[in-house]
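*Asks:* Can you read through this structure? Questions will come right after.
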Amino acid sequence: MVIKPKVRGFICTTAHPVGAAREVQRQADYARRLLFADGKPRAALVVGSSMGYGLSTRIAAAFGAGAGTVGVFLEKPASEKRTATAGWYNSAAFHRAAADAGLYASSIDGDAFSDEIKQQTVETIRRDLGQVDLVVYSLAAPRRTFADGTVAKSVLKPIGATYRNKTIDVESGAVSEVSIEPAEEAEIADTVKVMGGEDWEAWIDALEAGGALAPDVRTLAYSYIGPELTYAVYRKGTIGRAKDHLEATAKRLDERLRASGGRAFVSVNKGLVTQSSSAIPVVPLYISLLFRVMKDKGLHEGTIEQMGRLLTDRLYAGGEVPTDEGGRIRLDDLEMRDDVQTEVERRWREVASDNVEQLSDLAGYRHDFLQLFGFEVDGVDYAADVDPNVPLIPA
Ligand code: NAD
């Protein structure tokens with residue numbers, strides 16, 4: 001079939017296997033050039049490894065450090081009516097590239113919140129790798145189903161007061177004001193259950209109990225802070241509460257793992273176009289402005305550049321891992337530079353529907369969004385017939 005993008009709101013319901021594979025190859029080529037100063041991961045588990053930051057972490061660990069990897073994600077293969085999800089094609093491409101490079105890789109497609117998937121992962125690690133010395137928790141999930149069948153949903157809302165600010169309809173380019181009502185207490189608690197640190201800790205518990213955790217393991221989860229203008233809906237909103245919980249979990253895990261030579265960190269990453277970030281009101285407009293400013297200054301990075309820096313300049317740079325006063329690894333250092341933020345703020349005050357194309361990199365945002373699904377990738381013939389049925393593991 002000939003596969004075209006079908007965008008519905010914050011999601012593209014089709015994905016292109018050839019484009020996805022080329023993008024994975026591009027990231028793998030980037031990762032091959034990474035230089036490690038002091039040690040490197042040998043065997044890595046990445047929870048949420050099929051898209052965004054998790055995918056790039058897996059690629060950096062595998063093709064940069066030569067690590068065997070186990071990836072966990074929730075994706076769907078193609079059916080009669082639909083293409084597979086982008087994360088499925090990404091993971092299939094990852095497996096092909098890993099096999100070509102002689103690198104161990106296995107993937108587990110299922111609900112990471114469940115005990116069953118945790119157990120399956122522990123058994124896979126024990127059987128094939130013995131133990132993992134890098135565990136990355138990069139889940140971005142809209143909901144969590146508990147063992148008793150109850151469901152908690154994560155919401156993106158302010159806390160305490162209604163929030164009004166500019167937002168953009170990425171498809172039409174219309175800039176308007178959005179008004180978001182504050183969350184109820186139950187919604188805050190549910191968002192923390194989904195996106196906080198509880199499940200990360202449950203993963204560490206399961207890996208440790210199953211003997212799959214190397215004594216000197218390094219474990220990471222990802223966070224975001226961002227500028228003041230998104231505080232109400234992000235850092236001081238429901239998702240920010242979850243990130244506070246994640247950061248508190250990192251401290252607790254760090255104390256616990258240090259006893260055997262291990263470490264736990266939260267890494268604060270740059271705001272980028274991913275499936276998750278495009279669903280947050282206000283954030284896509286901020287990211288479009290940020291991209292314009294960072295590209296003009298030659299500071300722009302994507303997920304693979306960020307994850308490359310995370311591994312080579314932070315986690316395995318030799319000596320103490322550099323962190324801020326809160327113990328967090330900061331990869332948002334370039335995004336948060338004063339000159340960058342001052343320029344973004346200036347443009348934020350001016351931006352409207354009639355000047356958004358000039359002031360921001362909306363074109364770049366749209367391009368990155370489509371690329372998440374394998375579209376607008378250089379060198380791909382999108383008029384060609386392709387088979388949407390791609391096996392996750394090559395025969
Ligand atoms: P993403 O949407 O690109 O990827 C999410 C991953 O989680 C996918 O692999 C998906 O399959 C997996 N997943 C979702 N629900 C699952 C489930 N129930 N079981 C198994 N797998 C499941 O996400 P992202 O934007 O890369 O975010 C990853 C982390 O990075 C999040 O903690 C996010 O807050 C953080 N972060 C993101 C940004 C950003 O701008 N995107 C910035 C800083 C930090």
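Going through the structure tokens in order, the chains are called A, B, and so on, while each chain numbers its residues from 1 and the ligands are numbered from 1 in the order shown.
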Could you give me, as a PDB file with N, CA, C and O atoms, in the first residue's frame, every polymer residue with an atom at most 6 Å away from an atom of ligand 1, counting only C-alpha atoms and all ligand atoms?

*Replies:*
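The resulting file, selection.pdb, is shown below:
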ATOM      1  N   GLY A  48       9.886   1.958  27.873  1.00  0.00           N
ATOM      2  CA  GLY A  48       9.401   3.053  27.014  1.00  0.00           C
ATOM      3  C   GLY A  48      10.410   3.303  25.898  1.00  0.00           C
ATOM      4  O   GLY A  48      10.800   4.436  25.631  1.00  0.00           O
ATOM      5  N   SER A  49      10.820   2.203  25.233  1.00  0.00           N
ATOM      6  CA  SER A  49      11.988   2.272  24.326  1.00  0.00           C
ATOM      7  C   SER A  49      11.633   2.443  22.854  1.00  0.00           C
ATOM      8  O   SER A  49      12.524   2.375  22.015  1.00  0.00           O
ATOM      9  N   SER A  50      10.359   2.673  22.519  1.00  0.00           N
ATOM     10  CA  SER A  50       9.995   2.638  21.097  1.00  0.00           C
ATOM     11  C   SER A  50       9.872   4.004  20.443  1.00  0.00           C
ATOM     12  O   SER A  50       9.780   4.094  19.222  1.00  0.00           O
ATOM     13  N   MET A  51       9.836   5.071  21.248  1.00  0.00           N
ATOM     14  CA  MET A  51       9.632   6.419  20.708  1.00  0.00           C
ATOM     15  C   MET A  51      10.458   7.405  21.527  1.00  0.00           C
ATOM     16  O   MET A  51      10.875   7.108  22.634  1.00  0.00           O
ATOM     17  N   GLY A  52      10.644   8.589  20.985  1.00  0.00           N
ATOM     18  CA  GLY A  52      11.144   9.729  21.753  1.00  0.00           C
ATOM     19  C   GLY A  52      12.463   9.494  22.467  1.00  0.00           C
ATOM     20  O   GLY A  52      13.415   8.930  21.912  1.00  0.00           O
ATOM     21  N   TYR A  53      12.509   9.941  23.721  1.00  0.00           N
ATOM     22  CA  TYR A  53      13.749   9.850  24.490  1.00  0.00           C
ATOM     23  C   TYR A  53      14.170   8.410  24.774  1.00  0.00           C
ATOM     24  O   TYR A  53      15.363   8.100  24.798  1.00  0.00           O
ATOM     25  N   GLY A  54      13.193   7.534  25.010  1.00  0.00           N
ATOM     26  CA  GLY A  54      13.529   6.142  25.311  1.00  0.00           C
ATOM     27  C   GLY A  54      14.185   5.460  24.119  1.00  0.00           C
ATOM     28  O   GLY A  54      15.187   4.747  24.262  1.00  0.00           O
ATOM     29  N   VAL A  72      11.119  -2.269  26.502  1.00  0.00           N
ATOM     30  CA  VAL A  72       9.710  -2.524  26.843  1.00  0.00           C
ATOM     31  C   VAL A  72       8.883  -1.373  26.293  1.00  0.00           C
ATOM     32  O   VAL A  72       9.273  -0.211  26.441  1.00  0.00           O
ATOM     33  N   PHE A  73       7.775  -1.692  25.651  1.00  0.00           N
ATOM     34  CA  PHE A  73       6.913  -0.642  25.077  1.00  0.00           C
ATOM     35  C   PHE A  73       5.529  -1.185  24.840  1.00  0.00           C
ATOM     36  O   PHE A  73       5.293  -2.399  24.986  1.00  0.00           O
ATOM     37  N   LEU A  74       4.614  -0.302  24.484  1.00  0.00           N
ATOM     38  CA  LEU A  74       3.233  -0.695  24.189  1.00  0.00           C
ATOM     39  C   LEU A  74       2.920  -0.214  22.774  1.00  0.00           C
ATOM     40  O   LEU A  74       2.642   0.963  22.570  1.00  0.00           O
ATOM     41  N   GLU A  75       3.020  -1.106  21.819  1.00  0.00           N
ATOM     42  CA  GLU A  75       2.819  -0.742  20.415  1.00  0.00           C
ATOM     43  C   GLU A  75       1.966  -1.796  19.729  1.00  0.00           C
ATOM     44  O   GLU A  75       1.743  -2.868  20.283  1.00  0.00           O
ATOM     45  N   GLY A 110       4.102  -4.831  25.754  1.00  0.00           N
ATOM     46  CA  GLY A 110       3.015  -5.049  26.708  1.00  0.00           C
ATOM     47  C   GLY A 110       2.972  -3.916  27.714  1.00  0.00           C
ATOM     48  O   GLY A 110       3.779  -2.984  27.646  1.00  0.00           O
ATOM     49  N   ASP A 111       2.047  -4.017  28.660  1.00  0.00           N
ATOM     50  CA  ASP A 111       1.830  -2.934  29.617  1.00  0.00           C
ATOM     51  C   ASP A 111       2.909  -2.923  30.709  1.00  0.00           C
ATOM     52  O   ASP A 111       2.920  -3.794  31.583  1.00  0.00           O
ATOM     53  N   ALA A 112       3.771  -1.928  30.649  1.00  0.00           N
ATOM     54  CA  ALA A 112       4.902  -1.844  31.583  1.00  0.00           C
ATOM     55  C   ALA A 112       4.456  -1.722  33.042  1.00  0.00           C
ATOM     56  O   ALA A 112       5.224  -2.036  33.957  1.00  0.00           O
ATOM     57  N   PHE A 113       3.226  -1.261  33.262  1.00  0.00           N
ATOM     58  CA  PHE A 113       2.753  -1.122  34.649  1.00  0.00           C
ATOM     59  C   PHE A 113       2.424  -2.485  35.279  1.00  0.00           C
ATOM     60  O   PHE A 113       2.295  -2.591  36.483  1.00  0.00           O
ATOM     61  N   SER A 138      11.564   5.560  30.786  1.00  0.00           N
ATOM     62  CA  SER A 138      11.183   6.668  29.898  1.00  0.00           C
ATOM     63  C   SER A 138       9.750   6.503  29.419  1.00  0.00           C
ATOM     64  O   SER A 138       9.445   6.716  28.251  1.00  0.00           O
ATOM     65  N   LEU A 139       8.910   6.143  30.374  1.00  0.00           N
ATOM     66  CA  LEU A 139       7.508   5.914  30.022  1.00  0.00           C
ATOM     67  C   LEU A 139       6.774   7.255  29.954  1.00  0.00           C
ATOM     68  O   LEU A 139       6.956   8.106  30.809  1.00  0.00           O
ATOM     69  N   ALA A 140       5.978   7.435  28.925  1.00  0.00           N
ATOM     70  CA  ALA A 140       5.054   8.574  28.895  1.00  0.00           C
ATOM     71  C   ALA A 140       3.705   7.962  28.568  1.00  0.00           C
ATOM     72  O   ALA A 140       3.461   7.553  27.438  1.00  0.00           O
ATOM     73  N   ALA A 141       2.868   7.828  29.594  1.00  0.00           N
ATOM     74  CA  ALA A 141       1.626   7.060  29.428  1.00  0.00           C
ATOM     75  C   ALA A 141       0.419   7.907  29.795  1.00  0.00           C
ATOM     76  O   ALA A 141       0.466   8.672  30.758  1.00  0.00           O
ATOM     77  N   TYR A 222      13.284  10.376  33.349  1.00  0.00           N
ATOM     78  CA  TYR A 222      13.377  11.669  32.675  1.00  0.00           C
ATOM     79  C   TYR A 222      12.336  12.661  33.173  1.00  0.00           C
ATOM     80  O   TYR A 222      11.194  12.309  33.441  1.00  0.00           O
ATOM     81  N   SER A 223      12.789  13.909  33.258  1.00  0.00           N
ATOM     82  CA  SER A 223      11.906  14.960  33.751  1.00  0.00           C
ATOM     83  C   SER A 223      12.030  16.193  32.861  1.00  0.00           C
ATOM     84  O   SER A 223      12.855  16.238  31.948  1.00  0.00           O
ATOM     85  N   TYR A 224      11.193  17.170  33.158  1.00  0.00           N
ATOM     86  CA  TYR A 224      11.221  18.422  32.405  1.00  0.00           C
ATOM     87  C   TYR A 224      10.893  19.552  33.364  1.00  0.00           C
ATOM     88  O   TYR A 224      10.126  19.377  34.308  1.00  0.00           O
ATOM     89  N   VAL A 268      16.932  15.974  33.592  1.00  0.00           N
ATOM     90  CA  VAL A 268      16.001  16.975  33.070  1.00  0.00           C
ATOM     91  C   VAL A 268      16.381  17.247  31.620  1.00  0.00           C
ATOM     92  O   VAL A 268      17.459  17.779  31.352  1.00  0.00           O
ATOM     93  N   ASN A 269      15.518  16.834  30.708  1.00  0.00           N
ATOM     94  CA  ASN A 269      15.830  16.923  29.279  1.00  0.00           C
ATOM     95  C   ASN A 269      15.189  18.150  28.649  1.00  0.00           C
ATOM     96  O   ASN A 269      14.276  18.758  29.209  1.00  0.00           O
ATOM     97  N   LYS A 270      15.645  18.423  27.435  1.00  0.00           N
ATOM     98  CA  LYS A 270      15.129  19.561  26.664  1.00  0.00           C
ATOM     99  C   LYS A 270      13.702  19.291  26.162  1.00  0.00           C
ATOM    100  O   LYS A 270      13.364  18.148  25.856  1.00  0.00           O
ATOM    101  N   GLY A 271      12.911  20.328  26.030  1.00  0.00           N
ATOM    102  CA  GLY A 271      11.585  20.205  25.433  1.00  0.00           C
ATOM    103  C   GLY A 271      11.702  19.903  23.953  1.00  0.00           C
ATOM    104  O   GLY A 271      12.386  20.624  23.224  1.00  0.00           O
ATOM    105  N   LEU A 272      11.082  18.813  23.506  1.00  0.00           N
ATOM    106  CA  LEU A 272      11.166  18.421  22.098  1.00  0.00           C
ATOM    107  C   LEU A 272       9.817  17.933  21.603  1.00  0.00           C
ATOM    108  O   LEU A 272       8.932  17.622  22.397  1.00  0.00           O
ATOM    109  N   VAL A 273       9.696  17.837  20.292  1.00  0.00           N
ATOM    110  CA  VAL A 273       8.462  17.336  19.707  1.00  0.00           C
ATOM    111  C   VAL A 273       8.436  15.824  19.866  1.00  0.00           C
ATOM    112  O   VAL A 273       9.258  15.117  19.290  1.00  0.00           O
ATOM    113  N   THR A 274       7.539  15.340  20.696  1.00  0.00           N
ATOM    114  CA  THR A 274       7.300  13.897  20.780  1.00  0.00           C
ATOM    115  C   THR A 274       5.789  13.735  20.843  1.00  0.00           C
ATOM    116  O   THR A 274       5.056  14.718  20.970  1.00  0.00           O
ATOM    117  N   GLN A 275       5.340  12.491  20.757  1.00  0.00           N
ATOM    118  CA  GLN A 275       3.905  12.257  20.827  1.00  0.00           C
ATOM    119  C   GLN A 275       3.315  12.849  22.098  1.00  0.00           C
ATOM    120  O   GLN A 275       2.237  13.404  22.093  1.00  0.00           O
ATOM    121  N   SER A 276       4.074  12.703  23.199  1.00  0.00           N
ATOM    122  CA  SER A 276       3.549  13.176  24.486  1.00  0.00           C
ATOM    123  C   SER A 276       3.531  14.694  24.567  1.00  0.00           C
ATOM    124  O   SER A 276       2.541  15.281  24.994  1.00  0.00           O
ATOM    125  N   SER A 277       4.623  15.351  24.156  1.00  0.00           N
ATOM    126  CA  SER A 277       4.683  16.802  24.368  1.00  0.00           C
ATOM    127  C   SER A 277       3.717  17.542  23.450  1.00  0.00           C
ATOM    128  O   SER A 277       3.262  18.639  23.774  1.00  0.00           O
TER     129      SER A 277
END

*Asks:* Which residue out of A:Trp203, A:Val192, A:Leu289, A:Ile180 has the minimum interatomic distance to Glu350 of chain A when only C-alpha atoms are used?

*Replies:*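 Under the stated criterion, the closest residue is A:Leu289.
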
*Asks:* Work out how far atom CA of Ser278 of chain A is from atom CA of Val170 of chain A, in Å to one decimal.

*Replies:*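 Distance between the two atoms: 9.0 Å.
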
*Asks:* Could you check which of A:Leu35, A:Ala202, A:Leu359, A:Ile393 is closest to Phe291 of chain A, using only C-alpha atoms?

*Replies:* A:Leu359

*Asks:* Could you pull the residues within 7 Å of segment 63-71 of chain A, counting only C-alpha atoms, minus those fewer than 6 positions along the same chain, as a compact mmCIF listing (two decimals) with N, CA and C atoms, in the first residue's frame?

*Replies:*
# COMPACT_ATOMS: atom_id res chain seq x y z
N ALA A 28 21.29 5.76 14.75
CA ALA A 28 22.33 4.75 15.04
C ALA A 28 23.69 5.24 14.50
N ALA A 31 25.00 7.70 16.89
CA ALA A 31 25.45 7.04 18.12
C ALA A 31 26.81 6.37 17.94
N ARG A 32 27.07 5.84 16.75
CA ARG A 32 28.35 5.15 16.49
C ARG A 32 29.54 6.09 16.67
N ARG A 33 29.29 7.38 16.56
CA ARG A 33 30.40 8.35 16.68
C ARG A 33 30.60 8.84 18.12
N LEU A 34 29.79 8.34 19.05
CA LEU A 34 29.93 8.80 20.45
C LEU A 34 31.23 8.27 21.05
N LYS A 40 31.25 2.32 30.25
CA LYS A 40 30.06 2.43 29.42
C LYS A 40 29.11 1.33 29.85
N PRO A 41 27.83 1.47 29.53
CA PRO A 41 26.90 0.41 29.93
C PRO A 41 27.15 -0.87 29.13
N ARG A 42 26.96 -2.00 29.79
CA ARG A 42 27.18 -3.31 29.15
C ARG A 42 25.85 -3.90 28.72
N ALA A 43 24.85 -3.73 29.60
CA ALA A 43 23.53 -4.31 29.32
C ALA A 43 22.48 -3.34 29.86
N ALA A 44 21.58 -2.92 28.99
CA ALA A 44 20.63 -1.87 29.39
C ALA A 44 19.18 -2.33 29.23
N LEU A 45 18.37 -1.93 30.19
CA LEU A 45 16.91 -2.08 30.07
C LEU A 45 16.32 -0.68 29.88
N VAL A 46 15.52 -0.51 28.83
CA VAL A 46 14.84 0.77 28.62
C VAL A 46 13.33 0.52 28.63
N VAL A 47 12.66 1.12 29.60
CA VAL A 47 11.20 0.99 29.68
C VAL A 47 10.61 2.21 28.97
N SER A 49 10.82 2.20 25.23
CA SER A 49 11.99 2.27 24.33
C SER A 49 11.63 2.44 22.85
N LEU A 103 24.62 -7.10 17.82
CA LEU A 103 24.31 -6.68 19.19
C LEU A 103 23.07 -7.43 19.71
N TYR A 104 23.14 -7.85 20.98
CA TYR A 104 21.97 -8.50 21.56
C TYR A 104 20.84 -7.49 21.72
N ALA A 105 19.62 -7.89 21.35
CA ALA A 105 18.43 -7.05 21.59
C ALA A 105 17.22 -7.94 21.78
N SER A 106 16.40 -7.63 22.78
CA SER A 106 15.09 -8.27 22.82
C SER A 106 14.08 -7.23 23.27
N SER A 107 12.84 -7.41 22.81
CA SER A 107 11.81 -6.44 23.10
C SER A 107 10.58 -7.11 23.67
N ILE A 108 9.93 -6.41 24.58
CA ILE A 108 8.72 -6.93 25.21
C ILE A 108 7.62 -5.91 24.99

*Asks:* Name the residues of segment 269-298 of chain A that fall into alpha helix (DSSP H) according to DSSP on the backbone, using the chain letters and numbers of this document, as a VMD selection string.

*Replies:* chain A and resid 283 to 296

*Asks:* For Ala209 of chain A, which of A:Ala15, A:Ala92, A:Met195, A:Val122 is the closest residue, counting only C-alpha atoms?

*Replies:* A:Val122

*Asks:* Just want the 6 Å neighbourhood of Thr167 of chain A, counted on only C-alpha atoms, with same-chain residues fewer than 5 positions away dropped. Output as a PyMOL selection string.

*Replies:* chain A and resi 175-177+282+285

*Asks:* Deliver the residues from the most recent selection as a file, using all heavy atoms, as a compact mmCIF listing (two decimals), in the first residue's frame.

*Replies:*
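Once everything was written out, this is part23.txt:
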# COMPACT_ATOMS: atom_id res chain seq x y z
N VAL A 175 -3.03 31.05 16.28
CA VAL A 175 -2.64 31.29 17.67
C VAL A 175 -3.86 31.86 18.38
O VAL A 175 -4.48 32.81 17.90
CB VAL A 175 -1.45 32.28 17.76
CG1 VAL A 175 -1.11 32.60 19.21
CG2 VAL A 175 -0.23 31.70 17.05
N SER A 176 -4.22 31.27 19.51
CA SER A 176 -5.40 31.76 20.23
C SER A 176 -5.12 31.68 21.73
O SER A 176 -4.04 31.23 22.13
CB SER A 176 -6.62 30.90 19.89
OG SER A 176 -6.35 29.57 20.27
N GLU A 177 -6.09 32.11 22.53
CA GLU A 177 -5.89 31.98 23.97
C GLU A 177 -6.61 30.74 24.44
O GLU A 177 -7.74 30.46 24.02
CB GLU A 177 -6.41 33.21 24.71
CG GLU A 177 -5.81 33.24 26.10
CD GLU A 177 -6.11 34.51 26.88
OE1 GLU A 177 -7.24 34.61 27.39
OE2 GLU A 177 -5.23 35.36 26.95
N VAL A 282 -0.24 24.86 25.10
CA VAL A 282 0.77 25.92 25.26
C VAL A 282 2.18 25.44 24.85
O VAL A 282 2.93 26.18 24.21
CB VAL A 282 0.82 26.52 26.71
CG1 VAL A 282 1.78 27.69 26.80
CG2 VAL A 282 -0.57 26.93 27.16
N LEU A 285 3.54 25.75 21.10
CA LEU A 285 3.88 27.12 20.69
C LEU A 285 5.24 27.51 21.29
O LEU A 285 6.10 28.07 20.61
CB LEU A 285 2.79 28.11 21.13
CG LEU A 285 3.03 29.56 20.73
CD1 LEU A 285 3.21 29.73 19.23
CD2 LEU A 285 1.88 30.46 21.22

*Asks:* Just the number, please: distance in Å from atom CA of Ala93 of chain A to atom CA of Leu370 of chain A, one decimal.

*Replies:* 17.6 Å

*Asks:* Which neighbours of Gly173 of chain A fall inside 9 Å, counting only C-alpha atoms, when residues of the same chain fewer than 4 positions from it are skipped, and could you give them as a list in words?

*Replies:*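 Contacts, in chain order: Ile168, Asp169, Ser353, Asp354, Val356, Glu357 and Leu362 of chain A.
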
*Asks:* Please compute the atom CA of Ala86 of chain A-atom CA of Phe373 of chain A distance, one decimal, in Å.

*Replies:* 5.1 Å

*Asks:* What's the 8 Å shell around segment 383-388 of chain A, counting only C-alpha atoms, without same-chain residues fewer than 3 positions away, as a short mmCIF file (atom, residue, chain, number, x, y, z; two decimals) with N, CA and C atoms, in the first residue's frame?

*Replies:*
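Final output, result.cif:
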data_model
loop_
_atom_site.label_atom_id
_atom_site.label_comp_id
_atom_site.auth_asym_id
_atom_site.auth_seq_id
_atom_site.Cartn_x
_atom_site.Cartn_y
_atom_site.Cartn_z
N MET A 1 0.83 -1.20 0.00
CA MET A 1 0.00 0.00 0.00
C MET A 1 0.87 1.26 0.00
N VAL A 2 0.26 2.38 -0.46
CA VAL A 2 0.95 3.66 -0.39
C VAL A 2 0.49 4.32 0.92
N ILE A 3 1.42 4.65 1.78
CA ILE A 3 1.03 5.15 3.12
C ILE A 3 1.23 6.66 3.21
N HIS A 16 4.92 5.17 8.69
CA HIS A 16 5.61 4.66 7.49
C HIS A 16 6.84 3.84 7.89
N PRO A 17 6.85 2.53 7.53
CA PRO A 17 7.95 1.68 8.00
C PRO A 17 9.31 2.07 7.42
N VAL A 18 9.33 2.54 6.17
CA VAL A 18 10.63 2.85 5.55
C VAL A 18 11.21 4.13 6.16
N ALA A 78 0.76 -4.11 12.40
CA ALA A 78 -0.24 -3.73 11.39
C ALA A 78 -1.41 -4.72 11.42
N THR A 83 -1.93 0.61 9.52
CA THR A 83 -0.49 0.36 9.56
C THR A 83 -0.15 0.03 11.01
N ALA A 84 1.05 -0.47 11.24
CA ALA A 84 1.51 -0.63 12.62
C ALA A 84 1.71 0.76 13.21
#

*Asks:* Between A:Arg22, A:Lys295, A:Arg258, A:Arg144, single out the one closest to Leu334 of chain A, counting only C-alpha atoms.

*Replies:* A:Lys295

*Asks:* So that I can check the surroundings of Ala186 of chain A, please list as a compact mmCIF listing (two decimals) with all heavy atoms, in the first residue's frame every protein, DNA and RNA residue that reaches within 12 Å of it, counting only C-alpha atoms and ignoring chain neighbours fewer than 3 positions away.

*Replies:*
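Output file selection-v8.txt follows:
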# COMPACT_ATOMS: atom_id res chain seq x y z
N ALA A 152 -6.10 4.69 36.47
CA ALA A 152 -5.81 6.10 36.79
C ALA A 152 -5.41 6.78 35.48
O ALA A 152 -4.64 6.21 34.70
CB ALA A 152 -4.67 6.18 37.80
N LYS A 153 -5.94 7.98 35.26
CA LYS A 153 -5.58 8.71 34.04
C LYS A 153 -4.73 9.91 34.40
O LYS A 153 -4.98 10.58 35.40
CB LYS A 153 -6.86 9.20 33.34
CG LYS A 153 -7.62 8.09 32.68
CD LYS A 153 -8.77 8.64 31.87
CE LYS A 153 -9.53 7.50 31.24
NZ LYS A 153 -10.89 7.84 30.88
N SER A 154 -3.77 10.20 33.54
CA SER A 154 -2.97 11.40 33.81
C SER A 154 -3.59 12.56 33.03
O SER A 154 -4.02 12.40 31.89
CB SER A 154 -1.51 11.14 33.45
OG SER A 154 -1.16 11.70 32.24
N VAL A 155 -3.67 13.72 33.68
CA VAL A 155 -4.24 14.90 33.03
C VAL A 155 -3.21 16.02 33.03
O VAL A 155 -2.30 16.05 33.86
CB VAL A 155 -5.55 15.40 33.72
CG1 VAL A 155 -6.62 14.33 33.70
CG2 VAL A 155 -5.28 15.86 35.15
N ILE A 159 -3.01 23.73 38.74
CA ILE A 159 -3.49 23.42 40.09
C ILE A 159 -3.87 24.73 40.77
O ILE A 159 -3.11 25.69 40.74
CB ILE A 159 -2.41 22.67 40.90
CG1 ILE A 159 -2.18 21.28 40.27
CG2 ILE A 159 -2.80 22.55 42.38
CD1 ILE A 159 -1.03 20.49 40.88
N PRO A 182 -8.64 24.38 36.63
CA PRO A 182 -7.73 23.64 37.51
C PRO A 182 -8.20 22.20 37.77
O PRO A 182 -9.38 21.91 37.66
CB PRO A 182 -7.75 24.45 38.81
CG PRO A 182 -9.00 25.26 38.75
CD PRO A 182 -9.31 25.49 37.31
N ALA A 183 -7.23 21.36 38.11
CA ALA A 183 -7.53 19.94 38.36
C ALA A 183 -8.21 19.75 39.70
O ALA A 183 -8.00 20.52 40.64
CB ALA A 183 -6.22 19.16 38.33
N ALA A 189 -3.84 13.33 42.13
CA ALA A 189 -3.35 12.05 42.68
C ALA A 189 -3.20 11.01 41.57
O ALA A 189 -2.21 10.26 41.53
CB ALA A 189 -4.31 11.55 43.76
N ASP A 190 -4.15 10.98 40.65
CA ASP A 190 -4.08 9.99 39.56
C ASP A 190 -2.91 10.27 38.63
O ASP A 190 -2.23 9.34 38.17
CB ASP A 190 -5.38 10.00 38.74
CG ASP A 190 -6.45 9.12 39.37
OD1 ASP A 190 -6.20 8.60 40.48
OD2 ASP A 190 -7.52 8.93 38.75
N THR A 191 -2.65 11.54 38.35
CA THR A 191 -1.53 11.88 37.46
C THR A 191 -0.20 11.45 38.11
O THR A 191 0.70 10.94 37.43
CB THR A 191 -1.53 13.39 37.14
OG1 THR A 191 -2.81 13.71 36.59
CG2 THR A 191 -0.44 13.77 36.15
N VAL A 192 -0.11 11.61 39.43
CA VAL A 192 1.10 11.18 40.14
C VAL A 192 1.23 9.65 40.07
O VAL A 192 2.34 9.12 39.89
CB VAL A 192 1.09 11.68 41.60
CG1 VAL A 192 2.24 11.08 42.40
CG2 VAL A 192 1.16 13.21 41.64
N LYS A 193 0.10 8.95 40.16
CA LYS A 193 0.14 7.48 40.06
C LYS A 193 0.65 7.03 38.69
O LYS A 193 1.34 6.02 38.57
CB LYS A 193 -1.27 6.89 40.26
CG LYS A 193 -1.74 6.89 41.69
CD LYS A 193 -1.17 5.70 42.42
CE LYS A 193 -1.52 5.73 43.90
NZ LYS A 193 -0.62 4.90 44.71
N THR A 238 -0.44 19.51 37.22
CA THR A 238 -0.56 18.10 37.62
C THR A 238 0.68 17.29 37.23
O THR A 238 1.19 16.50 38.03
CB THR A 238 -1.80 17.47 36.96
OG1 THR A 238 -1.79 17.80 35.56
CG2 THR A 238 -3.08 17.99 37.59
